[in-house]
>>> print(open('upload_39.pdb').read())   # PDB, C-alpha atoms and all ligand atoms
MODEL        1
ATOM      1  CA  MET R   1     -25.636 183.758  22.585  1.00  0.00           C
ATOM      2  CA  PRO R   2     -28.611 181.371  22.390  1.00  0.00           C
ATOM      3  CA  HIS R   3     -28.312 178.409  20.036  1.00  0.00           C
ATOM      4  CA  VAL R   4     -28.440 179.410  16.399  1.00  0.00           C
ATOM      5  CA  ILE R   5     -29.842 176.870  13.984  1.00  0.00           C
ATOM      6  CA  THR R   6     -28.304 176.822  10.543  1.00  0.00           C
ATOM      7  CA  PHE R   7     -30.043 175.313   7.537  1.00  0.00           C
ATOM      8  CA  ALA R   8     -27.257 174.877   4.991  1.00  0.00           C
ATOM      9  CA  GLY R   9     -28.310 174.107   1.442  1.00  0.00           C
ATOM     10  CA  GLY R  10     -25.584 172.406  -0.576  1.00  0.00           C
ATOM     11  CA  GLU R  11     -24.444 168.951  -1.582  1.00  0.00           C
ATOM     12  CA  SER R  12     -24.425 167.205   1.802  1.00  0.00           C
ATOM     13  CA  GLY R  13     -26.692 166.698   4.775  1.00  0.00           C
ATOM     14  CA  ALA R  14     -29.268 164.400   6.323  1.00  0.00           C
ATOM     15  CA  TRP R  15     -32.113 165.686   4.127  1.00  0.00           C
ATOM     16  CA  ARG R  16     -32.433 165.306   0.360  1.00  0.00           C
ATOM     17  CA  VAL R  17     -34.187 168.109  -1.518  1.00  0.00           C
ATOM     18  CA  THR R  18     -37.106 166.751  -3.559  1.00  0.00           C
ATOM     19  CA  ALA R  19     -38.446 170.106  -4.795  1.00  0.00           C
ATOM     20  CA  MET R  20     -37.752 173.816  -4.466  1.00  0.00           C
ATOM     21  CA  GLN R  21     -40.423 176.295  -5.397  1.00  0.00           C
ATOM     22  CA  GLN R  22     -40.279 180.066  -5.331  1.00  0.00           C
ATOM     23  CA  VAL R  23     -43.664 181.151  -4.017  1.00  0.00           C
ATOM     24  CA  PHE R  24     -43.058 184.941  -3.769  1.00  0.00           C
ATOM     25  CA  GLY R  25     -39.998 187.106  -4.421  1.00  0.00           C
ATOM     26  CA  PRO R  26     -36.442 186.178  -5.378  1.00  0.00           C
ATOM     27  CA  VAL R  27     -35.352 182.536  -5.681  1.00  0.00           C
ATOM     28  CA  LEU R  28     -32.791 180.717  -3.561  1.00  0.00           C
ATOM     29  CA  GLU R  29     -30.039 178.921  -5.462  1.00  0.00           C
ATOM     30  CA  PRO R  30     -31.109 175.329  -6.175  1.00  0.00           C
ATOM     31  CA  VAL R  31     -29.375 172.717  -3.972  1.00  0.00           C
ATOM     32  CA  THR R  32     -29.619 168.938  -3.623  1.00  0.00           C
ATOM     33  CA  GLN R  33     -29.147 168.379   0.129  1.00  0.00           C
ATOM     34  CA  LEU R  34     -29.826 170.175   3.392  1.00  0.00           C
ATOM     35  CA  ASN R  35     -27.614 170.045   6.454  1.00  0.00           C
ATOM     36  CA  ILE R  36     -28.942 171.259   9.813  1.00  0.00           C
ATOM     37  CA  THR R  37     -26.631 172.294  12.641  1.00  0.00           C
ATOM     38  CA  GLN R  38     -26.961 174.061  15.982  1.00  0.00           C
ATOM     39  CA  SER R  39     -24.217 176.150  17.453  1.00  0.00           C
ATOM     40  CA  SER R  40     -23.694 178.798  20.094  1.00  0.00           C
ATOM     41  CA  GLU R  41     -21.934 180.894  17.454  1.00  0.00           C
ATOM     42  CA  ARG R  42     -23.033 181.957  14.010  1.00  0.00           C
ATOM     43  CA  PRO R  43     -21.090 179.840  11.518  1.00  0.00           C
ATOM     44  CA  PRO R  44     -19.661 181.583   8.438  1.00  0.00           C
ATOM     45  CA  GLN R  45     -21.559 181.550   5.146  1.00  0.00           C
ATOM     46  CA  PRO R  46     -20.525 178.577   2.975  1.00  0.00           C
ATOM     47  CA  ALA R  47     -18.586 179.071  -0.259  1.00  0.00           C
ATOM     48  CA  THR R  48     -21.268 177.264  -2.255  1.00  0.00           C
ATOM     49  CA  GLY R  49     -25.013 177.034  -1.716  1.00  0.00           C
ATOM     50  CA  TRP R  50     -26.551 179.063   1.103  1.00  0.00           C
ATOM     51  CA  ALA R  51     -26.962 179.067   4.862  1.00  0.00           C
ATOM     52  CA  LEU R  52     -30.030 180.445   6.599  1.00  0.00           C
ATOM     53  CA  GLN R  53     -29.938 181.041  10.325  1.00  0.00           C
ATOM     54  CA  GLY R  54     -32.550 181.499  13.008  1.00  0.00           C
ATOM     55  CA  LEU R  55     -33.346 181.175  16.688  1.00  0.00           C
ATOM     56  CA  ILE R  56     -36.183 179.781  18.744  1.00  0.00           C
ATOM     57  CA  SER R  57     -37.824 182.780  20.403  1.00  0.00           C
ATOM     58  CA  ASN R  58     -40.751 183.552  22.673  1.00  0.00           C
ATOM     59  CA  LEU R  59     -44.344 183.427  21.418  1.00  0.00           C
ATOM     60  CA  ARG R  60     -45.769 186.669  20.025  1.00  0.00           C
ATOM     61  CA  TYR R  61     -49.407 185.961  19.243  1.00  0.00           C
ATOM     62  CA  ALA R  62     -50.610 182.737  20.856  1.00  0.00           C
ATOM     63  CA  GLU R  63     -53.024 183.247  23.748  1.00  0.00           C
ATOM     64  CA  ARG R  64     -53.305 180.913  26.752  1.00  0.00           C
ATOM     65  CA  GLY R  65     -56.160 178.829  25.351  1.00  0.00           C
ATOM     66  CA  GLU R  66     -54.249 178.325  22.106  1.00  0.00           C
ATOM     67  CA  VAL R  67     -51.026 177.433  23.892  1.00  0.00           C
ATOM     68  CA  VAL R  68     -52.893 174.742  25.836  1.00  0.00           C
ATOM     69  CA  GLN R  69     -54.517 173.330  22.674  1.00  0.00           C
ATOM     70  CA  LEU R  70     -51.162 173.301  20.862  1.00  0.00           C
ATOM     71  CA  ARG R  71     -49.433 171.522  23.755  1.00  0.00           C
ATOM     72  CA  ASN R  72     -52.196 168.919  23.916  1.00  0.00           C
ATOM     73  CA  ARG R  73     -52.108 168.179  20.194  1.00  0.00           C
ATOM     74  CA  GLN R  74     -48.583 168.689  18.904  1.00  0.00           C
ATOM     75  CA  GLU R  75     -45.802 166.125  18.623  1.00  0.00           C
ATOM     76  CA  GLY R  76     -42.094 166.857  18.572  1.00  0.00           C
ATOM     77  CA  LEU R  77     -39.588 166.814  15.721  1.00  0.00           C
ATOM     78  CA  GLY R  78     -37.525 163.710  14.943  1.00  0.00           C
ATOM     79  CA  ARG R  79     -40.315 161.127  14.813  1.00  0.00           C
ATOM     80  CA  GLN R  80     -39.109 157.957  13.035  1.00  0.00           C
ATOM     81  CA  HIS R  81     -42.034 157.783  10.636  1.00  0.00           C
ATOM     82  CA  ALA R  82     -41.796 161.460   9.681  1.00  0.00           C
ATOM     83  CA  ARG R  83     -39.580 160.933   6.627  1.00  0.00           C
ATOM     84  CA  CYS R  84     -40.751 164.078   4.840  1.00  0.00           C
ATOM     85  CA  ALA R  85     -40.010 167.673   5.760  1.00  0.00           C
ATOM     86  CA  ALA R  86     -40.418 171.189   4.485  1.00  0.00           C
ATOM     87  CA  LEU R  87     -38.293 174.264   5.102  1.00  0.00           C
ATOM     88  CA  ILE R  88     -40.218 177.413   4.240  1.00  0.00           C
ATOM     89  CA  PRO R  89     -38.294 180.667   4.749  1.00  0.00           C
ATOM     90  CA  ILE R  90     -40.618 183.690   4.840  1.00  0.00           C
ATOM     91  CA  LYS R  91     -40.116 187.444   4.776  1.00  0.00           C
ATOM     92  CA  LYS R  92     -42.989 189.801   5.563  1.00  0.00           C
ATOM     93  CA  SER R  93     -43.335 193.334   4.187  1.00  0.00           C
ATOM     94  CA  GLN R  94     -42.481 196.619   5.868  1.00  0.00           C
ATOM     95  CA  ALA R  95     -46.248 197.288   6.037  1.00  0.00           C
ATOM     96  CA  TRP R  96     -46.547 194.275   8.395  1.00  0.00           C
ATOM     97  CA  TRP R  97     -43.727 195.427  10.648  1.00  0.00           C
ATOM     98  CA  ASP R  98     -45.176 198.954  10.741  1.00  0.00           C
ATOM     99  CA  LEU R  99     -48.391 197.633  12.333  1.00  0.00           C
ATOM    100  CA  ALA R 100     -48.925 197.621  16.077  1.00  0.00           C
ATOM    101  CA  GLN R 101     -48.962 194.303  17.953  1.00  0.00           C
ATOM    102  CA  ASP R 102     -52.758 194.283  18.348  1.00  0.00           C
ATOM    103  CA  GLU R 103     -53.241 194.935  14.630  1.00  0.00           C
ATOM    104  CA  ARG R 104     -50.909 192.034  13.752  1.00  0.00           C
ATOM    105  CA  ARG R 105     -52.697 189.664  16.144  1.00  0.00           C
ATOM    106  CA  ALA R 106     -56.057 190.678  14.585  1.00  0.00           C
ATOM    107  CA  ILE R 107     -54.784 189.815  11.104  1.00  0.00           C
ATOM    108  CA  PHE R 108     -52.873 186.687  12.179  1.00  0.00           C
ATOM    109  CA  GLU R 109     -55.597 184.996  14.221  1.00  0.00           C
ATOM    110  CA  THR R 110     -58.903 186.909  14.403  1.00  0.00           C
ATOM    111  CA  ARG R 111     -59.158 187.282  10.624  1.00  0.00           C
ATOM    112  CA  SER R 112     -56.734 184.676   9.182  1.00  0.00           C
ATOM    113  CA  HIS R 113     -57.208 181.940  11.838  1.00  0.00           C
ATOM    114  CA  HIS R 114     -53.586 180.813  11.451  1.00  0.00           C
ATOM    115  CA  THR R 115     -53.496 178.790  14.668  1.00  0.00           C
ATOM    116  CA  ALA R 116     -57.044 177.472  14.341  1.00  0.00           C
ATOM    117  CA  VAL R 117     -56.316 176.255  10.796  1.00  0.00           C
ATOM    118  CA  GLY R 118     -52.941 174.819  11.810  1.00  0.00           C
ATOM    119  CA  LEU R 119     -54.449 172.867  14.717  1.00  0.00           C
ATOM    120  CA  ASP R 120     -56.516 170.847  12.203  1.00  0.00           C
ATOM    121  CA  TYR R 121     -53.247 169.287  10.969  1.00  0.00           C
ATOM    122  CA  LEU R 122     -51.845 168.262  14.356  1.00  0.00           C
ATOM    123  CA  PRO R 123     -50.358 165.908  15.358  1.00  0.00           C
ATOM    124  CA  ALA R 124     -49.662 164.706  11.768  1.00  0.00           C
ATOM    125  CA  ILE R 125     -47.491 167.752  11.074  1.00  0.00           C
ATOM    126  CA  ALA R 126     -44.737 168.534  13.601  1.00  0.00           C
ATOM    127  CA  ARG R 127     -43.399 172.085  13.438  1.00  0.00           C
ATOM    128  CA  GLN R 128     -40.839 174.549  14.708  1.00  0.00           C
ATOM    129  CA  LEU R 129     -40.670 178.278  14.071  1.00  0.00           C
ATOM    130  CA  TYR R 130     -37.302 180.041  14.030  1.00  0.00           C
ATOM    131  CA  HIS R 131     -36.966 183.828  14.101  1.00  0.00           C
ATOM    132  CA  ALA R 132     -34.343 185.344  11.802  1.00  0.00           C
ATOM    133  CA  ARG R 133     -35.260 189.009  11.358  1.00  0.00           C
ATOM    134  CA  ASP R 134     -33.316 190.280  14.365  1.00  0.00           C
ATOM    135  CA  LEU R 135     -30.214 188.412  13.154  1.00  0.00           C
ATOM    136  CA  GLY R 136     -30.217 190.619  10.040  1.00  0.00           C
ATOM    137  CA  GLU R 137     -31.037 187.600   7.863  1.00  0.00           C
ATOM    138  CA  PRO R 138     -32.626 187.790   4.402  1.00  0.00           C
ATOM    139  CA  PHE R 139     -35.808 186.119   5.748  1.00  0.00           C
ATOM    140  CA  ASP R 140     -37.786 187.038   8.881  1.00  0.00           C
ATOM    141  CA  PHE R 141     -38.778 183.453   9.707  1.00  0.00           C
ATOM    142  CA  LEU R 142     -37.572 179.944   8.968  1.00  0.00           C
ATOM    143  CA  THR R 143     -40.452 177.525   9.317  1.00  0.00           C
ATOM    144  CA  TRP R 144     -39.767 173.789   9.582  1.00  0.00           C
ATOM    145  CA  PHE R 145     -42.241 170.910   9.324  1.00  0.00           C
ATOM    146  CA  GLU R 146     -41.924 167.101   9.554  1.00  0.00           C
ATOM    147  CA  PHE R 147     -44.538 164.551   8.543  1.00  0.00           C
ATOM    148  CA  ALA R 148     -45.044 161.027   7.220  1.00  0.00           C
ATOM    149  CA  PRO R 149     -45.312 160.569   3.424  1.00  0.00           C
ATOM    150  CA  GLU R 150     -49.033 159.780   3.746  1.00  0.00           C
ATOM    151  CA  HIS R 151     -49.622 163.254   5.186  1.00  0.00           C
ATOM    152  CA  ALA R 152     -47.893 165.144   2.350  1.00  0.00           C
ATOM    153  CA  SER R 153     -51.187 165.964   0.648  1.00  0.00           C
ATOM    154  CA  ALA R 154     -52.673 167.227   3.929  1.00  0.00           C
ATOM    155  CA  PHE R 155     -49.638 169.501   4.210  1.00  0.00           C
ATOM    156  CA  ASP R 156     -50.303 170.808   0.662  1.00  0.00           C
ATOM    157  CA  ASP R 157     -53.858 171.520   1.721  1.00  0.00           C
ATOM    158  CA  LEU R 158     -52.646 173.420   4.813  1.00  0.00           C
ATOM    159  CA  LEU R 159     -50.318 175.548   2.662  1.00  0.00           C
ATOM    160  CA  ALA R 160     -53.151 176.420   0.268  1.00  0.00           C
ATOM    161  CA  ARG R 161     -55.413 177.451   3.155  1.00  0.00           C
ATOM    162  CA  LEU R 162     -52.784 179.650   4.812  1.00  0.00           C
ATOM    163  CA  ARG R 163     -51.692 181.281   1.538  1.00  0.00           C
ATOM    164  CA  ALA R 164     -55.297 182.314   0.869  1.00  0.00           C
ATOM    165  CA  THR R 165     -55.476 184.339   4.119  1.00  0.00           C
ATOM    166  CA  GLU R 166     -55.155 188.070   4.773  1.00  0.00           C
ATOM    167  CA  GLU R 167     -51.927 187.359   6.694  1.00  0.00           C
ATOM    168  CA  TRP R 168     -50.265 186.133   3.485  1.00  0.00           C
ATOM    169  CA  ARG R 169     -50.873 189.491   1.731  1.00  0.00           C
ATOM    170  CA  TYR R 170     -47.968 190.662   3.887  1.00  0.00           C
ATOM    171  CA  VAL R 171     -45.620 187.891   2.719  1.00  0.00           C
ATOM    172  CA  GLU R 172     -43.186 189.355   0.203  1.00  0.00           C
ATOM    173  CA  ARG R 173     -40.732 186.481  -0.057  1.00  0.00           C
ATOM    174  CA  GLU R 174     -41.392 182.778   0.425  1.00  0.00           C
ATOM    175  CA  VAL R 175     -39.499 179.736  -0.803  1.00  0.00           C
ATOM    176  CA  GLU R 176     -40.849 176.215  -0.339  1.00  0.00           C
ATOM    177  CA  ILE R 177     -38.198 173.520   0.012  1.00  0.00           C
ATOM    178  CA  ARG R 178     -39.519 169.959   0.227  1.00  0.00           C
ATOM    179  CA  LEU R 179     -37.284 167.244   1.619  1.00  0.00           C
ATOM    180  CA  GLU R 180     -37.003 163.620   2.544  1.00  0.00           C
ATOM    181  CA  ARG R 181     -34.583 161.899   4.869  1.00  0.00           C
ATOM    182  CA  ALA R 182     -31.453 160.852   2.994  1.00  0.00           C
ATOM    183  CA  GLY R 183     -30.393 157.194   3.152  1.00  0.00           C
TER
HETATM  184  C1  LIG R 201     -48.817 172.808  11.140  1.00  0.00           C
HETATM  185  C2  LIG R 201     -49.745 173.627  11.623  1.00  0.00           C
HETATM  186  C3  LIG R 201     -49.395 174.991  12.124  1.00  0.00           C
HETATM  187  C4  LIG R 201     -49.647 175.468  13.357  1.00  0.00           C
HETATM  188  C5  LIG R 201     -50.365 174.734  14.488  1.00  0.00           C
HETATM  189  C6  LIG R 201     -49.091 176.809  13.425  1.00  0.00           C
HETATM  190  C7  LIG R 201     -49.147 177.622  14.545  1.00  0.00           C
HETATM  191  C8  LIG R 201     -48.517 178.826  14.667  1.00  0.00           C
HETATM  192  C9  LIG R 201     -48.552 179.655  15.833  1.00  0.00           C
HETATM  193  C10 LIG R 201     -49.297 179.337  17.133  1.00  0.00           C
HETATM  194  C11 LIG R 201     -47.813 180.746  15.591  1.00  0.00           C
HETATM  195  C12 LIG R 201     -47.622 181.952  16.499  1.00  0.00           C
HETATM  196  C13 LIG R 201     -46.433 181.834  17.396  1.00  0.00           C
HETATM  197  C14 LIG R 201     -46.378 183.071  18.278  1.00  0.00           C
HETATM  198  O1  LIG R 201     -47.286 183.242  19.124  1.00  0.00           O
HETATM  199  O2  LIG R 201     -45.441 183.871  18.110  1.00  0.00           O
HETATM  200  C15 LIG R 201     -47.291 180.604  14.251  1.00  0.00           C
HETATM  201  C16 LIG R 201     -46.464 181.520  13.640  1.00  0.00           C
HETATM  202  C17 LIG R 201     -46.030 181.413  12.348  1.00  0.00           C
HETATM  203  N1  LIG R 201     -46.311 180.405  11.457  1.00  0.00           N
HETATM  204 FE1  LIG R 201     -47.498 178.827  11.801  1.00  0.00          FE
HETATM  205  N2  LIG R 201     -48.543 177.134  12.223  1.00  0.00           N
HETATM  206  C18 LIG R 201     -48.687 176.062  11.397  1.00  0.00           C
HETATM  207  C19 LIG R 201     -48.292 175.983  10.081  1.00  0.00           C
HETATM  208  C20 LIG R 201     -47.578 176.960   9.407  1.00  0.00           C
HETATM  209  C21 LIG R 201     -47.163 176.865   8.021  1.00  0.00           C
HETATM  210  C22 LIG R 201     -47.458 175.695   7.076  1.00  0.00           C
HETATM  211  C23 LIG R 201     -46.438 178.003   7.762  1.00  0.00           C
HETATM  212  C24 LIG R 201     -45.735 178.420   6.498  1.00  0.00           C
HETATM  213  C25 LIG R 201     -46.147 178.138   5.280  1.00  0.00           C
HETATM  214  C26 LIG R 201     -46.411 178.783   8.974  1.00  0.00           C
HETATM  215  C27 LIG R 201     -45.755 179.970   9.119  1.00  0.00           C
HETATM  216  C28 LIG R 201     -45.696 180.700  10.278  1.00  0.00           C
HETATM  217  C29 LIG R 201     -44.982 181.947  10.389  1.00  0.00           C
HETATM  218  C30 LIG R 201     -44.153 182.641   9.316  1.00  0.00           C
HETATM  219  C31 LIG R 201     -45.175 182.391  11.693  1.00  0.00           C
HETATM  220  C32 LIG R 201     -44.642 183.679  12.312  1.00  0.00           C
HETATM  221  C33 LIG R 201     -45.660 184.772  12.063  1.00  0.00           C
HETATM  222  C34 LIG R 201     -45.252 186.108  12.643  1.00  0.00           C
HETATM  223  O3  LIG R 201     -44.690 186.151  13.761  1.00  0.00           O
HETATM  224  O4  LIG R 201     -45.521 187.117  11.968  1.00  0.00           O
HETATM  225  N3  LIG R 201     -47.130 178.141   9.942  1.00  0.00           N
HETATM  226  N4  LIG R 201     -47.746 179.445  13.708  1.00  0.00           N
ENDMDL
END
>>> encode(input="upload_39.pdb", output="structure tokens")
Amino acid sequence: MPHVITFAGGESGAWRVTAMQQVFGPVLEPVTQLNITQSSERPPQPATGWALQGLISNLRYAERGEVVQLRNRQEGLGRQHARCAALIPIKKSQAWWDLAQDERRAIFETRSHHTAVGLDYLPAIARQLYHARDLGEPFDFLTWFEFAPEHASAFDDLLARLRATEEWRYVEREVEIRLERAG
């Protein structure tokens, strides 16, 4: 079993929740802290709060030129100055999953410019995408971002641009959890 990442919302963890906003669909129970763990097994669901799980998977849509640009521009997670983070779990609609791969790529990049838009915010925003759909999780994706406090408004701007795209018409559940390093 590849390593499963678990984002556990509760009352302990290295990240303090500063805001939780339901963007689309049902809410997640409000929590005050977020604990992140990696394990080769899927840990049980906690008695209080919630635990969302995902895996790093292969790329679906990025083409060679984009992969090269991303590698040249992006920085990794865990940077000292990146004291802010966001966990944004997302579920897309059945209509999205019913499309063929080429139709999804056309919406994702040709018409919504997801990667092109995102590249404007690198390296300030560091990111990691986790796939959750094939684990039978309530969300399809867990998206994670880290940035310095001075880039928080740029991150807001990025969210507004992505949410205005055709791709986001297929998002049926999205929760935005904003965090800062505890202690
Ligand atoms: C920081 C700049 C960003 C960049 C450079 C970026 C880039 C990418 C790339 C290249 C992929 C495709 C991976 C693949 O080929 O499978 C992707 C997927 C995805 N991104 Fe972003 N992204 C950014 C920001 C965001 C934000 C802010 C969100 C959420 C609000 C987000 C949500 C997603 C989701 C849900 C997917 C999976 C889409 C799917 O497979 O249907 N991304 N991103």
>>> residues_near_point(input="upload_39.pdb", point="(-50.0, 180.6, 14.1)", cutoff="9 Å", atoms="all atoms listed in the file", output="list in words")
Tyr61, Ala62, Phe108, Glu109, His113, His114, Thr115, Ala116, Val117, Gly118 and Leu119 of chain R
>>> write_last_selection(input="upload_39.pdb", atoms="C-alpha atoms", output="short mmCIF file (atom, residue, chain, number, x, y, z; two decimals), in the coordinates of the input")
data_model
loop_
_atom_site.label_atom_id
_atom_site.label_comp_id
_atom_site.auth_asym_id
_atom_site.auth_seq_id
_atom_site.Cartn_x
_atom_site.Cartn_y
_atom_site.Cartn_z
CA TYR R 61 -49.41 185.96 19.24
CA ALA R 62 -50.61 182.74 20.86
CA PHE R 108 -52.87 186.69 12.18
CA GLU R 109 -55.60 185.00 14.22
CA HIS R 113 -57.21 181.94 11.84
CA HIS R 114 -53.59 180.81 11.45
CA THR R 115 -53.50 178.79 14.67
CA ALA R 116 -57.04 177.47 14.34
CA VAL R 117 -56.32 176.26 10.80
CA GLY R 118 -52.94 174.82 11.81
CA LEU R 119 -54.45 172.87 14.72
#
>>> resolve_selection(input="upload_39.pdb", expression="the PyMOL selection byres (((not hetatm)) within 7 of (chain R and resi 201))", output="ChimeraX atom specification")
/R:58-62,70,88,90,114-115,118-119,121-122,125-127,129,141,143,158-159,162
>>> atom_distance(input="upload_39.pdb", atom1="CA of Phe155 (chain R)", atom2="CA of Glu137 (chain R)")
26.2 Å
>>> closest_residue(input="upload_39.pdb", among="R:Tyr170, R:Trp15, R:Phe7, R:Phe139", to="Val27 (chain R)", atoms="all atoms listed in the file")
R:Phe139
>>> residues_around(input="upload_39.pdb", residues="region 41-48 of chain R", least_positions_apart="3", cutoff="8 Å", atoms="all atoms listed in the file", output="PyMOL selection string")
chain R and resi 1+3-4+6+8+10+51+53
>>> decode(input="upload_39.pdb", residues="region 9-36 of chain R", atoms="N, CA and C atoms", output="tab-separated table (two decimals), in the first residue's frame")
chain	number	residue	atom	x	y	z
R	9	GLY	N	-8.67	16.65	11.36
R	9	GLY	CA	-9.17	17.88	11.98
R	9	GLY	C	-9.67	17.56	13.36
R	10	GLY	N	-9.18	18.32	14.37
R	10	GLY	CA	-9.59	18.04	15.75
R	10	GLY	C	-9.08	19.14	16.66
R	11	GLU	N	-8.51	18.71	17.79
R	11	GLU	CA	-8.04	19.69	18.77
R	11	GLU	C	-6.54	19.64	18.97
R	12	SER	N	-5.82	18.92	18.09
R	12	SER	CA	-4.36	18.89	18.21
R	12	SER	C	-3.74	18.83	16.82
R	13	GLY	N	-2.45	19.20	16.76
R	13	GLY	CA	-1.77	19.15	15.48
R	13	GLY	C	-0.88	20.36	15.28
R	14	ALA	N	-0.02	20.27	14.27
R	14	ALA	CA	0.98	21.31	14.04
R	14	ALA	C	0.41	22.56	13.37
R	15	TRP	N	-0.83	22.47	12.90
R	15	TRP	CA	-1.44	23.62	12.21
R	15	TRP	C	-2.69	24.06	12.96
R	16	ARG	N	-2.82	25.38	13.13
R	16	ARG	CA	-3.98	25.97	13.79
R	16	ARG	C	-4.93	26.48	12.71
R	17	VAL	N	-6.20	26.14	12.87
R	17	VAL	CA	-7.21	26.57	11.88
R	17	VAL	C	-7.55	28.04	12.13
R	18	THR	N	-7.40	28.87	11.11
R	18	THR	CA	-7.75	30.29	11.26
R	18	THR	C	-9.11	30.59	10.65
R	19	ALA	N	-9.55	29.79	9.70
R	19	ALA	CA	-10.88	29.98	9.10
R	19	ALA	C	-11.29	28.72	8.36
R	20	MET	N	-12.59	28.44	8.39
R	20	MET	CA	-13.14	27.33	7.61
R	20	MET	C	-14.34	27.88	6.87
R	21	GLN	N	-14.35	27.68	5.57
R	21	GLN	CA	-15.43	28.23	4.76
R	21	GLN	C	-15.97	27.14	3.84
R	22	GLN	N	-17.27	26.98	3.85
R	22	GLN	CA	-17.91	26.04	2.94
R	22	GLN	C	-18.13	26.78	1.63
R	23	VAL	N	-17.47	26.32	0.58
R	23	VAL	CA	-17.58	27.02	-0.71
R	23	VAL	C	-18.75	26.45	-1.50
R	24	PHE	N	-18.82	25.12	-1.63
R	24	PHE	CA	-19.95	24.42	-2.27
R	24	PHE	C	-20.26	23.17	-1.46
R	25	GLY	N	-21.55	22.83	-1.37
R	25	GLY	CA	-21.96	21.54	-0.79
R	25	GLY	C	-21.89	21.52	0.73
R	26	PRO	N	-22.05	20.32	1.30
R	26	PRO	CA	-22.13	20.19	2.76
R	26	PRO	C	-20.86	20.63	3.48
R	27	VAL	N	-21.05	21.13	4.70
R	27	VAL	CA	-19.94	21.61	5.54
R	27	VAL	C	-19.15	20.43	6.11
R	28	LEU	N	-17.96	20.73	6.60
R	28	LEU	CA	-17.20	19.81	7.45
R	28	LEU	C	-17.33	20.38	8.86
R	29	GLU	N	-17.38	19.50	9.84
R	29	GLU	CA	-17.47	19.94	11.24
R	29	GLU	C	-16.32	20.92	11.57
R	30	PRO	N	-16.64	22.04	12.21
R	30	PRO	CA	-15.57	22.98	12.55
R	30	PRO	C	-14.57	22.37	13.54
R	31	VAL	N	-13.29	22.62	13.33
R	31	VAL	CA	-12.23	22.13	14.22
R	31	VAL	C	-11.25	23.27	14.47
R	32	THR	N	-10.37	23.09	15.46
R	32	THR	CA	-9.43	24.17	15.79
R	32	THR	C	-7.99	23.88	15.35
R	33	GLN	N	-7.67	22.59	15.16
R	33	GLN	CA	-6.28	22.24	14.80
R	33	GLN	C	-6.30	21.18	13.71
R	34	LEU	N	-5.17	21.05	13.02
R	34	LEU	CA	-5.05	20.03	11.98
R	34	LEU	C	-3.76	19.26	12.20
R	35	ASN	N	-3.89	17.94	12.21
R	35	ASN	CA	-2.74	17.07	12.38
R	35	ASN	C	-2.53	16.28	11.09
R	36	ILE	N	-1.30	16.24	10.60
R	36	ILE	CA	-1.03	15.56	9.33
R	36	ILE	C	-0.12	14.38	9.59
